[in-house]
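Participant: Supplied in structure tokens, the structure appears directly below.
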Amino acid sequence: MLSDMKGTQRKRILIVGGVAGGASTAARARRLDEDAEIVVFDRGAHVSFANCGLPYFVGDVIEDERDLIVATPERFRRRFDIEVRTRSEVTRANPEDKTIEVHGLDDGRRYTERYDALVLSPGAAPIRPPLPGIDLPGIFSVRTIPDTRRIKAWLAQRQARRAVVIGGGFIGLEMAENLARLGLQVAIVERADAVLPPLDPEVAVPVQWHLADKGVDLRLGDSVARFDEGTDGDGQGAGQGAKEGTGALVVTTVSGARLPADLVILAIGVRPETALAVDAGLDLGPRGGIAVDEHMRTSVPDIWAVGDAVEVCHAITGVEVVLPLAGPANRQGRIAAADVCGRPGRFRGVQGTAVCGVFDLTVATTGANEAGLRRAGVTDVARVYLHPGHHVGYFPGARPIHIKLLFRPSDGHILGAQAVGEEGVARRIDVISMAIQMGGTVADLAEAELCYAPQFGAAKDPAGPQIGGPRRS
Ligand code: FAD
């Protein structure tokens with residue numbers, strides 16, 4: 001226990017997990033409390049790294065692994081006076097005596113630390129379904145820098161030519177793009193009938209066409225039954241090379257397709273890491289994440305939780321959701337730190353604002369989609385489809401954006417929007433996202449004052465007067 005110069009005890013803030021949520025909590029806590037002792041524990045070798053950049057490191061867009069490190073433990077110490085202990089797994093939290101148990105993964109040391117405030121930001125683990133062959137070499141998930149090192153080493157050693165990506169969500173599509181960039185022939189197996197579940201299926205169609213144009217073998221409405229070692233004897237499967245039967249693995253799908261692969265990427269979603277929380281008696285919510293209130297407090301005093309491990313309220317549907325996105329994790333970290341330090345702050349919920357690159361396309365979404373609204377019992381819904389150019393047609397190079405807007409016809413409130421296109425997509429969705437956060441209506445979009453010059457947009461912008469103008473449902 002450290003003491004300050006006056007002999008009073010310093011508040012001890014311990015944080016489990018040092019990436020998006022944990023690092024934000026630590027930095028914000030230091031800004032709000034110069035005296036607190038802040039210690040971050042992470043079982044990995046890195047903290048504050050850019051997991052969002054990992055697919056692009058695999059694809060050599062980010063060439064130097066060091067560029068993925070946003071802040072090192074040394075920087076935390078020098079800049080913020082925050083102690084970071086990597087390769088240190090927190091194995092137990094004991095709320096009765098406000099301690100945690102730590103296992104040093106390098107030296108095997110086990111020790112106990114006392115806390116005044118404990119913040120959990122352990123993230124979410126990639127789902128590995130218990131399918132036959134799931135533990136075969138060559139089947140990878142993407143969560144950490146060491147994961148990507150293993151993938152890169154495998155690609156090089158095997159001179160891989162074919163990959164099968166399981167899951168057509170954001171991470172699956174980013175991995176597919178980056179593996180294709182390296183020259184691999186890529187197949188995607190997706191159980192749903194469309195890629196990118198946050199989109200309504202008709203909005204996903206241009207993305208699927210684009211994937212096909214890029215040579216990706218998209219298997220929608222199918223899922224994996226088993227993985228086997230060896231080659232595809234019957235010559236069915238992914239790409240032109242399939243008949244050669246040289247794949248290290250064969251992915252057999254429920255429909256009976258046999259896809260040869262030198263490498264398999266599992267990207268079927270993540271599950272909140274809740275073992276520590278459950279063990280400590282914290283309540284979980286209906287979706288299996290750690291239950292928290294609007295201050296990110298858990299059900300147990302002096303323990304907060306943030307990030308992918310928690311479930312929070314969806315601002316549009318009011319339904320509890322687990323939403324693994326970096327922005328909410330960072331915001332929640334700041335809210336938790338404020339509450340730990342006795343400052344005001346309230347998490348307003350999530351609305352699922354997300355963006356993803358898929359080869360030459362950008363896909364972005366905010367708010368609820370139609371399926372989410374149906375599940376939440378919201379029936380008062382109208383929709384607008386627009387296909388404007390990303391800037392005025394008379395200026396060279398205008399590219400179409402496909403936009404779908406959902407709103408409540410009874411009062412005009414915006415419920416969600418999705419967009420796909422080559423240029424200007426994220427900007428439009430960000431505008432609508434902010435309108436939603438401010439409780440805006442389609443009439444507000446019609447009145448929105450957005451920047452304009454011919455090469456950037458239109459005087460009647462797609463995300464403003466165009467979409468908020470006269471409406472169809
Ligand atoms: P994490 O960032 O996962 O950090 C949790 C940390 O806790 C880990 O380092 C883990 O080792 C540590 N930990 C867990 N348990 C313990 C324990 N018991 N003891 C000690 N340490 C422990 N989001 C976006 O918004 N945009 C994107 O483009 C995007 N791309 C992504 C791409 C990939 C490949 C991945 C994997 C994620 C991506 N995300 C993206 C999601 C985003 O990275 C997460 O939502 C965010 O990192 C969650 O932050 P977190 O702090 O909750 O968890």
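Chains: A, B, ... in order of the structure tokens. Residues: from 1 per chain. Ligands: from 1, in order shown.
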Neighbours of ligand 1 within 6 Å, counting only C-alpha atoms and all ligand atoms, as a short mmCIF file (atom, residue, chain, number, x, y, z; two decimals) with C-alpha atoms, in the first residue's frame?

Facilitator:
data_model
loop_
_atom_site.label_atom_id
_atom_site.label_comp_id
_atom_site.auth_asym_id
_atom_site.auth_seq_id
_atom_site.Cartn_x
_atom_site.Cartn_y
_atom_site.Cartn_z
CA VAL A 16 -8.38 -5.81 -15.59
CA GLY A 17 -7.65 -5.59 -19.32
CA GLY A 18 -5.53 -2.86 -20.86
CA VAL A 19 -6.83 -2.42 -24.39
CA ALA A 20 -9.75 -0.23 -25.53
CA GLY A 21 -11.93 -0.03 -22.41
CA GLY A 22 -9.21 -0.62 -19.83
CA PHE A 41 -3.30 -5.95 -15.51
CA ASP A 42 -3.36 -7.72 -18.86
CA ARG A 43 -2.67 -11.38 -19.50
CA GLY A 44 -1.41 -10.55 -22.98
CA ASN A 51 -7.13 -4.75 -32.62
CA CYS A 52 -9.10 -2.99 -35.34
CA LEU A 54 -5.16 -6.60 -37.13
CA PRO A 55 -6.77 -7.71 -40.43
CA SER A 88 -0.44 -10.92 -15.61
CA GLU A 89 -3.72 -12.78 -15.48
CA VAL A 90 -6.28 -11.84 -12.86
CA THR A 91 -7.64 -15.20 -11.79
CA SER A 121 -12.53 -4.65 -19.17
CA PRO A 122 -11.67 -8.23 -20.17
CA GLY A 123 -13.25 -8.02 -23.62
CA ALA A 124 -14.83 -10.87 -25.54
CA VAL A 142 -8.12 -13.04 -34.89
CA ARG A 143 -8.03 -11.22 -31.58
CA ILE A 171 -14.16 -9.15 -39.16
CA GLY A 307 -16.36 -2.80 -23.12
CA ASP A 308 -17.14 -6.00 -24.98
CA ALA A 309 -17.78 -7.87 -21.72
CA PRO A 324 -18.35 -5.37 -29.47
CA LEU A 325 -17.18 -2.04 -30.85
CA ALA A 326 -14.22 0.11 -29.93
CA GLY A 327 -16.10 3.44 -29.68
CA ALA A 329 -15.71 0.57 -25.07
#

Participant: If we count only C-alpha atoms and set the cut-off at 8 Å, which residues sit around Glu447 (chain A), ignoring sequence neighbours fewer than 5 positions away in its own chain? Please answer as number ranges by chain.

Facilitator: A: 464-465, 468

Participant: Which residues are near Gln466 (chain A)? Cut-off 12 Å, only C-alpha atoms, ignore same chain within fewer than 3 positions. Put them as number ranges by chain.

Facilitator: A: 384-390, 403, 405, 428, 442-450, 457-463, 469-471

Participant: Just give me the gap between CA of Gly345 (chain A) and CA of Glu294 (chain A) in Å, one decimal is fine.

Facilitator: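 Distance between the two atoms: 8.4 Å.
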
Participant: Among the residues of region 168-408 of chain A, find those DSSP assigns to alpha helix (DSSP H) from the backbone and print them as a PyMOL selection string.

Facilitator: chain A and resi 170-181+201-213+275-279+326-340+370-375

Participant: So, with only C-alpha atoms as the atoms that count, which of A:Asp35, A:Glu202, A:Asp430, A:Glu63 lies closest to His402 (chain A)?

Facilitator: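 The answer is A:Glu202, which sits nearest to His402 (chain A).
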
Participant: Just how far from CA of Leu68 (chain A) is CA of Gly53 (chain A), in Å to one decimal?

Facilitator: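 Atom-to-atom, CA of Gly53 (chain A) and CA of Leu68 (chain A) are spaced 6.8 Å apart.
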
Participant: Kindly provide the residues of region 285-383 of chain A that approach region 177-189 of chain A to within 10 Å, each paired with its closest atom pair and their distance in Å to one decimal, based on only C-alpha atoms, listed by chain and increasing number, as CSV.

Facilitator:
residue,atom,partner,partner_atom,distance
A:Gly357,CA,A:Glu177,CA,8.7
A:Val358,CA,A:Glu177,CA,6.5
A:Phe359,CA,A:Glu177,CA,5.8
A:Asp360,CA,A:Glu177,CA,9.7

Participant: Would you kindly return, as a PDB file with N, CA and C atoms, in the first residue's frame, each protein, DNA or RNA residue with an atom no farther than 10 Å from any atom of Phe140 (chain A), considering only C-alpha atoms and excluding same-chain residues fewer than 4 positions away?

Facilitator:
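For reference, result_26.pdb as written:
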ATOM      1  N   PRO A 126     -13.258 -14.852 -29.164  1.00  0.00           N
ATOM      2  CA  PRO A 126     -13.854 -15.398 -30.384  1.00  0.00           C
ATOM      3  C   PRO A 126     -14.535 -16.736 -30.099  1.00  0.00           C
ATOM      4  N   ARG A 128     -15.502 -20.431 -30.635  1.00  0.00           N
ATOM      5  CA  ARG A 128     -14.959 -21.616 -31.323  1.00  0.00           C
ATOM      6  C   ARG A 128     -15.966 -22.746 -31.130  1.00  0.00           C
ATOM      7  N   ILE A 134     -12.186 -28.954 -34.957  1.00  0.00           N
ATOM      8  CA  ILE A 134     -11.993 -27.517 -34.693  1.00  0.00           C
ATOM      9  C   ILE A 134     -10.578 -27.205 -34.198  1.00  0.00           C
ATOM     10  N   ASP A 135      -9.912 -28.199 -33.574  1.00  0.00           N
ATOM     11  CA  ASP A 135      -8.572 -27.919 -33.029  1.00  0.00           C
ATOM     12  C   ASP A 135      -7.440 -28.274 -33.998  1.00  0.00           C
ATOM     13  N   LEU A 136      -7.764 -28.574 -35.229  1.00  0.00           N
ATOM     14  CA  LEU A 136      -6.703 -28.903 -36.194  1.00  0.00           C
ATOM     15  C   LEU A 136      -5.805 -27.692 -36.437  1.00  0.00           C
ATOM     16  N   ASP A 147      -1.949 -13.683 -32.417  1.00  0.00           N
ATOM     17  CA  ASP A 147      -2.799 -14.421 -33.376  1.00  0.00           C
ATOM     18  C   ASP A 147      -2.377 -14.096 -34.809  1.00  0.00           C
ATOM     19  N   THR A 148      -2.162 -12.806 -35.075  1.00  0.00           N
ATOM     20  CA  THR A 148      -1.841 -12.420 -36.455  1.00  0.00           C
ATOM     21  C   THR A 148      -0.434 -12.863 -36.838  1.00  0.00           C
ATOM     22  N   ARG A 150       0.891 -15.629 -35.826  1.00  0.00           N
ATOM     23  CA  ARG A 150       0.747 -17.057 -36.167  1.00  0.00           C
ATOM     24  C   ARG A 150       0.146 -17.208 -37.567  1.00  0.00           C
ATOM     25  N   ILE A 151      -0.830 -16.378 -37.884  1.00  0.00           N
ATOM     26  CA  ILE A 151      -1.454 -16.467 -39.217  1.00  0.00           C
ATOM     27  C   ILE A 151      -0.427 -16.136 -40.298  1.00  0.00           C
ATOM     28  N   TRP A 154       2.038 -18.963 -40.682  1.00  0.00           N
ATOM     29  CA  TRP A 154       1.401 -20.108 -41.335  1.00  0.00           C
ATOM     30  C   TRP A 154       1.270 -19.868 -42.847  1.00  0.00           C
ATOM     31  N   VAL A 165     -13.002 -18.486 -44.920  1.00  0.00           N
ATOM     32  CA  VAL A 165     -13.365 -17.627 -43.787  1.00  0.00           C
ATOM     33  C   VAL A 165     -14.749 -18.055 -43.334  1.00  0.00           C
ATOM     34  N   LEU A 263      -5.783 -22.559 -45.042  1.00  0.00           N
ATOM     35  CA  LEU A 263      -5.940 -21.748 -43.841  1.00  0.00           C
ATOM     36  C   LEU A 263      -7.437 -21.495 -43.638  1.00  0.00           C
ATOM     37  N   VAL A 264      -7.872 -21.575 -42.376  1.00  0.00           N
ATOM     38  CA  VAL A 264      -9.273 -21.260 -42.054  1.00  0.00           C
ATOM     39  C   VAL A 264      -9.277 -20.140 -41.024  1.00  0.00           C
ATOM     40  N   ILE A 265     -10.107 -19.138 -41.260  1.00  0.00           N
ATOM     41  CA  ILE A 265     -10.289 -18.062 -40.275  1.00  0.00           C
ATOM     42  C   ILE A 265     -11.684 -18.207 -39.681  1.00  0.00           C
ATOM     43  N   LEU A 266     -11.726 -18.312 -38.362  1.00  0.00           N
ATOM     44  CA  LEU A 266     -13.014 -18.383 -37.661  1.00  0.00           C
ATOM     45  C   LEU A 266     -13.422 -16.976 -37.274  1.00  0.00           C
ATOM     46  N   ALA A 267     -14.532 -16.517 -37.800  1.00  0.00           N
ATOM     47  CA  ALA A 267     -14.990 -15.154 -37.474  1.00  0.00           C
ATOM     48  C   ALA A 267     -16.512 -15.182 -37.328  1.00  0.00           C
TER      49      ALA A 267
END

Participant: Tell me, in Å to one decimal, how far CA of Gly440 (chain A) is from CA of Gly285 (chain A).

Facilitator: 29.5 Å

Participant: Compare A:Arg78, A:Arg66, A:Arg114, A:His103 by their minimum atom-to-atom distance to Leu14 (chain A), counting only C-alpha atoms, and give me the closest one.

Facilitator: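 Using only C-alpha atoms, the shortest distance to Leu14 (chain A) belongs to A:Arg114.
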
Participant: Within 7 Å of Glu320 (chain A), counting only C-alpha atoms, which residues show up once you throw out same-chain ones fewer than 3 positions away? Write them as a list in words, please.

Facilitator: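 Surrounding residues, per the criterion: Arg287, Glu311, Val312, Cys313 and His314 of chain A.
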
Participant: Limited to N, CA, C and O atoms, could you put the picked residues into a file as a short mmCIF file (atom, residue, chain, number, x, y, z; two decimals), in the first residue's frame?

Facilitator:
data_model
loop_
_atom_site.label_atom_id
_atom_site.label_comp_id
_atom_site.auth_asym_id
_atom_site.auth_seq_id
_atom_site.Cartn_x
_atom_site.Cartn_y
_atom_site.Cartn_z
N ARG A 287 -28.43 -11.14 -22.13
CA ARG A 287 -27.64 -11.51 -23.33
C ARG A 287 -26.30 -12.15 -22.95
O ARG A 287 -25.45 -12.38 -23.80
N GLU A 311 -23.18 -5.81 -21.14
CA GLU A 311 -24.31 -5.55 -22.02
C GLU A 311 -24.97 -4.25 -21.60
O GLU A 311 -25.02 -3.90 -20.42
N VAL A 312 -25.41 -3.54 -22.61
CA VAL A 312 -25.92 -2.19 -22.40
C VAL A 312 -27.20 -2.02 -23.19
O VAL A 312 -27.56 -2.86 -24.02
N CYS A 313 -27.86 -0.92 -22.96
CA CYS A 313 -29.16 -0.69 -23.57
C CYS A 313 -28.99 -0.12 -24.98
O CYS A 313 -28.18 0.79 -25.19
N HIS A 314 -29.73 -0.67 -25.93
CA HIS A 314 -29.73 -0.11 -27.28
C HIS A 314 -30.61 1.14 -27.26
O HIS A 314 -31.78 1.08 -26.87
#

Participant: Give me the residues near Phe407 (chain A) as a PDB file with N, CA, C and O atoms, in the first residue's frame, where near means some atom within 9 Å (using only C-alpha atoms) and where sequence neighbours in that chain fewer than 2 positions away do not count.

Facilitator:
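File produced: result_21.pdb:
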ATOM      1  N   ASP A 380     -44.208   0.694 -35.900  1.00  0.00           N
ATOM      2  CA  ASP A 380     -44.483   2.002 -36.509  1.00  0.00           C
ATOM      3  C   ASP A 380     -43.215   2.451 -37.255  1.00  0.00           C
ATOM      4  O   ASP A 380     -42.433   3.269 -36.765  1.00  0.00           O
ATOM      5  N   VAL A 381     -42.997   1.849 -38.424  1.00  0.00           N
ATOM      6  CA  VAL A 381     -41.717   2.047 -39.131  1.00  0.00           C
ATOM      7  C   VAL A 381     -41.983   2.376 -40.604  1.00  0.00           C
ATOM      8  O   VAL A 381     -42.789   1.716 -41.256  1.00  0.00           O
ATOM      9  N   ALA A 382     -41.314   3.389 -41.089  1.00  0.00           N
ATOM     10  CA  ALA A 382     -41.345   3.679 -42.528  1.00  0.00           C
ATOM     11  C   ALA A 382     -39.909   3.681 -43.035  1.00  0.00           C
ATOM     12  O   ALA A 382     -38.966   3.836 -42.255  1.00  0.00           O
ATOM     13  N   ARG A 383     -39.758   3.449 -44.337  1.00  0.00           N
ATOM     14  CA  ARG A 383     -38.402   3.356 -44.888  1.00  0.00           C
ATOM     15  C   ARG A 383     -38.256   4.250 -46.122  1.00  0.00           C
ATOM     16  O   ARG A 383     -39.225   4.447 -46.864  1.00  0.00           O
ATOM     17  N   VAL A 384     -37.065   4.758 -46.292  1.00  0.00           N
ATOM     18  CA  VAL A 384     -36.732   5.546 -47.488  1.00  0.00           C
ATOM     19  C   VAL A 384     -35.498   4.910 -48.117  1.00  0.00           C
ATOM     20  O   VAL A 384     -34.537   4.592 -47.402  1.00  0.00           O
ATOM     21  N   LEU A 405     -33.014   4.535 -44.991  1.00  0.00           N
ATOM     22  CA  LEU A 405     -33.296   5.238 -43.739  1.00  0.00           C
ATOM     23  C   LEU A 405     -34.593   4.681 -43.165  1.00  0.00           C
ATOM     24  O   LEU A 405     -35.561   4.489 -43.899  1.00  0.00           O
ATOM     25  N   PRO A 409     -43.105   6.996 -38.670  1.00  0.00           N
ATOM     26  CA  PRO A 409     -43.940   7.958 -39.401  1.00  0.00           C
ATOM     27  C   PRO A 409     -44.808   8.805 -38.481  1.00  0.00           C
ATOM     28  O   PRO A 409     -45.136   9.942 -38.805  1.00  0.00           O
ATOM     29  N   SER A 410     -45.156   8.277 -37.315  1.00  0.00           N
ATOM     30  CA  SER A 410     -46.067   9.036 -36.444  1.00  0.00           C
ATOM     31  C   SER A 410     -45.448  10.343 -35.955  1.00  0.00           C
ATOM     32  O   SER A 410     -46.148  11.333 -35.781  1.00  0.00           O
ATOM     33  N   ASP A 411     -44.130  10.353 -35.731  1.00  0.00           N
ATOM     34  CA  ASP A 411     -43.520  11.601 -35.257  1.00  0.00           C
ATOM     35  C   ASP A 411     -42.235  11.965 -36.013  1.00  0.00           C
ATOM     36  O   ASP A 411     -41.586  12.957 -35.689  1.00  0.00           O
ATOM     37  N   GLY A 412     -41.856  11.147 -37.000  1.00  0.00           N
ATOM     38  CA  GLY A 412     -40.687  11.463 -37.830  1.00  0.00           C
ATOM     39  C   GLY A 412     -39.348  11.084 -37.225  1.00  0.00           C
ATOM     40  O   GLY A 412     -38.300  11.302 -37.842  1.00  0.00           O
ATOM     41  N   HIS A 413     -39.322  10.509 -36.020  1.00  0.00           N
ATOM     42  CA  HIS A 413     -38.034  10.204 -35.398  1.00  0.00           C
ATOM     43  C   HIS A 413     -37.244   9.171 -36.214  1.00  0.00           C
ATOM     44  O   HIS A 413     -37.793   8.176 -36.667  1.00  0.00           O
ATOM     45  N   ILE A 414     -35.960   9.436 -36.347  1.00  0.00           N
ATOM     46  CA  ILE A 414     -35.099   8.541 -37.133  1.00  0.00           C
ATOM     47  C   ILE A 414     -34.762   7.332 -36.270  1.00  0.00           C
ATOM     48  O   ILE A 414     -34.367   7.469 -35.109  1.00  0.00           O
ATOM     49  N   LEU A 415     -34.895   6.147 -36.859  1.00  0.00           N
ATOM     50  CA  LEU A 415     -34.644   4.899 -36.116  1.00  0.00           C
ATOM     51  C   LEU A 415     -33.336   4.238 -36.529  1.00  0.00           C
ATOM     52  O   LEU A 415     -32.741   3.489 -35.747  1.00  0.00           O
ATOM     53  N   GLY A 416     -32.899   4.482 -37.754  1.00  0.00           N
ATOM     54  CA  GLY A 416     -31.653   3.854 -38.194  1.00  0.00           C
ATOM     55  C   GLY A 416     -31.371   4.175 -39.642  1.00  0.00           C
ATOM     56  O   GLY A 416     -32.236   4.659 -40.373  1.00  0.00           O
ATOM     57  N   ALA A 417     -30.135   3.913 -40.053  1.00  0.00           N
ATOM     58  CA  ALA A 417     -29.755   4.112 -41.448  1.00  0.00           C
ATOM     59  C   ALA A 417     -28.608   3.190 -41.801  1.00  0.00           C
ATOM     60  O   ALA A 417     -27.794   2.836 -40.935  1.00  0.00           O
ATOM     61  N   THR A 441     -35.378  14.180 -36.116  1.00  0.00           N
ATOM     62  CA  THR A 441     -36.414  13.631 -36.992  1.00  0.00           C
ATOM     63  C   THR A 441     -35.977  13.798 -38.454  1.00  0.00           C
ATOM     64  O   THR A 441     -35.001  14.513 -38.741  1.00  0.00           O
ATOM     65  N   VAL A 442     -36.756  13.190 -39.350  1.00  0.00           N
ATOM     66  CA  VAL A 442     -36.446  13.386 -40.771  1.00  0.00           C
ATOM     67  C   VAL A 442     -36.587  14.867 -41.151  1.00  0.00           C
ATOM     68  O   VAL A 442     -35.864  15.364 -42.010  1.00  0.00           O
TER      69      VAL A 442
END

Participant: Distance table requested - region 103-214 of chain A against region 362-376 of chain A, cut-off 10 Å, only C-alpha atoms: one row per qualifying residue with the closest atom pair and its distance in Å to one decimal, ordered by chain and rising residue number, as JSON lines.

Facilitator:
{"residue": "A:Phe170", "atom": "CA", "partner": "A:Val363", "partner_atom": "CA", "distance": 9.4}
{"residue": "A:Leu196", "atom": "CA", "partner": "A:Val363", "partner_atom": "CA", "distance": 9.1}
{"residue": "A:Pro197", "atom": "CA", "partner": "A:Asn369", "partner_atom": "CA", "distance": 9.2}
{"residue": "A:Pro198", "atom": "CA", "partner": "A:Asn369", "partner_atom": "CA", "distance": 6.6}
{"residue": "A:Leu199", "atom": "CA", "partner": "A:Asn369", "partner_atom": "CA", "distance": 6.4}
{"residue": "A:Asp200", "atom": "CA", "partner": "A:Asn369", "partner_atom": "CA", "distance": 6.1}
{"residue": "A:Pro201", "atom": "CA", "partner": "A:Glu370", "partner_atom": "CA", "distance": 9.6}
{"residue": "A:Val203", "atom": "CA", "partner": "A:Val363", "partner_atom": "CA", "distance": 9.3}
{"residue": "A:Ala204", "atom": "CA", "partner": "A:Val363", "partner_atom": "CA", "distance": 8.8}
{"residue": "A:Pro206", "atom": "CA", "partner": "A:Val363", "partner_atom": "CA", "distance": 10.0}
{"residue": "A:Val207", "atom": "CA", "partner": "A:Val363", "partner_atom": "CA", "distance": 8.1}

Participant: May I have the selected residues written with N, CA, C and O atoms, as an mmCIF file, in the first residue's frame?

Facilitator:
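The file below, out_19.cif, is the result:
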data_model
loop_
_atom_site.group_PDB
_atom_site.id
_atom_site.type_symbol
_atom_site.label_atom_id
_atom_site.label_comp_id
_atom_site.auth_asym_id
_atom_site.auth_seq_id
_atom_site.Cartn_x
_atom_site.Cartn_y
_atom_site.Cartn_z
ATOM 1 N N PHE A 170 -18.301 -8.246 -39.954
ATOM 2 C CA PHE A 170 -17.278 -7.243 -40.248
ATOM 3 C C PHE A 170 -15.874 -7.859 -40.276
ATOM 4 O O PHE A 170 -15.111 -7.656 -41.215
ATOM 5 N N LEU A 196 -23.050 -9.484 -43.357
ATOM 6 C CA LEU A 196 -23.146 -8.304 -42.497
ATOM 7 C C LEU A 196 -24.508 -8.194 -41.799
ATOM 8 O O LEU A 196 -25.369 -7.379 -42.203
ATOM 9 N N PRO A 197 -24.716 -8.973 -40.741
ATOM 10 C CA PRO A 197 -26.004 -8.985 -40.057
ATOM 11 C C PRO A 197 -26.553 -7.622 -39.617
ATOM 12 O O PRO A 197 -27.768 -7.462 -39.563
ATOM 13 N N PRO A 198 -25.716 -6.594 -39.320
ATOM 14 C CA PRO A 198 -26.337 -5.312 -38.962
ATOM 15 C C PRO A 198 -27.103 -4.668 -40.119
ATOM 16 O O PRO A 198 -27.891 -3.752 -39.913
ATOM 17 N N LEU A 199 -26.865 -5.129 -41.353
ATOM 18 C CA LEU A 199 -27.587 -4.567 -42.500
ATOM 19 C C LEU A 199 -28.862 -5.352 -42.733
ATOM 20 O O LEU A 199 -28.933 -6.551 -42.472
ATOM 21 N N ASP A 200 -29.872 -4.697 -43.267
ATOM 22 C CA ASP A 200 -31.020 -5.441 -43.786
ATOM 23 C C ASP A 200 -30.568 -6.140 -45.064
ATOM 24 O O ASP A 200 -29.700 -5.620 -45.790
ATOM 25 N N PRO A 201 -31.153 -7.326 -45.326
ATOM 26 C CA PRO A 201 -30.606 -8.160 -46.413
ATOM 27 C C PRO A 201 -30.511 -7.463 -47.762
ATOM 28 O O PRO A 201 -29.543 -7.664 -48.497
ATOM 29 N N VAL A 203 -29.867 -4.416 -48.394
ATOM 30 C CA VAL A 203 -28.747 -3.469 -48.425
ATOM 31 C C VAL A 203 -27.426 -4.229 -48.584
ATOM 32 O O VAL A 203 -26.442 -3.699 -49.102
ATOM 33 N N ALA A 204 -27.440 -5.499 -48.139
ATOM 34 C CA ALA A 204 -26.211 -6.297 -48.252
ATOM 35 C C ALA A 204 -25.972 -6.785 -49.682
ATOM 36 O O ALA A 204 -24.856 -7.204 -50.019
ATOM 37 N N PRO A 206 -25.572 -5.338 -52.736
ATOM 38 C CA PRO A 206 -24.416 -4.803 -53.486
ATOM 39 C C PRO A 206 -23.077 -5.261 -52.925
ATOM 40 O O PRO A 206 -22.098 -5.396 -53.671
ATOM 41 N N VAL A 207 -23.041 -5.513 -51.610
ATOM 42 C CA VAL A 207 -21.784 -5.999 -51.011
ATOM 43 C C VAL A 207 -21.501 -7.411 -51.529
ATOM 44 O O VAL A 207 -20.358 -7.747 -51.879
#
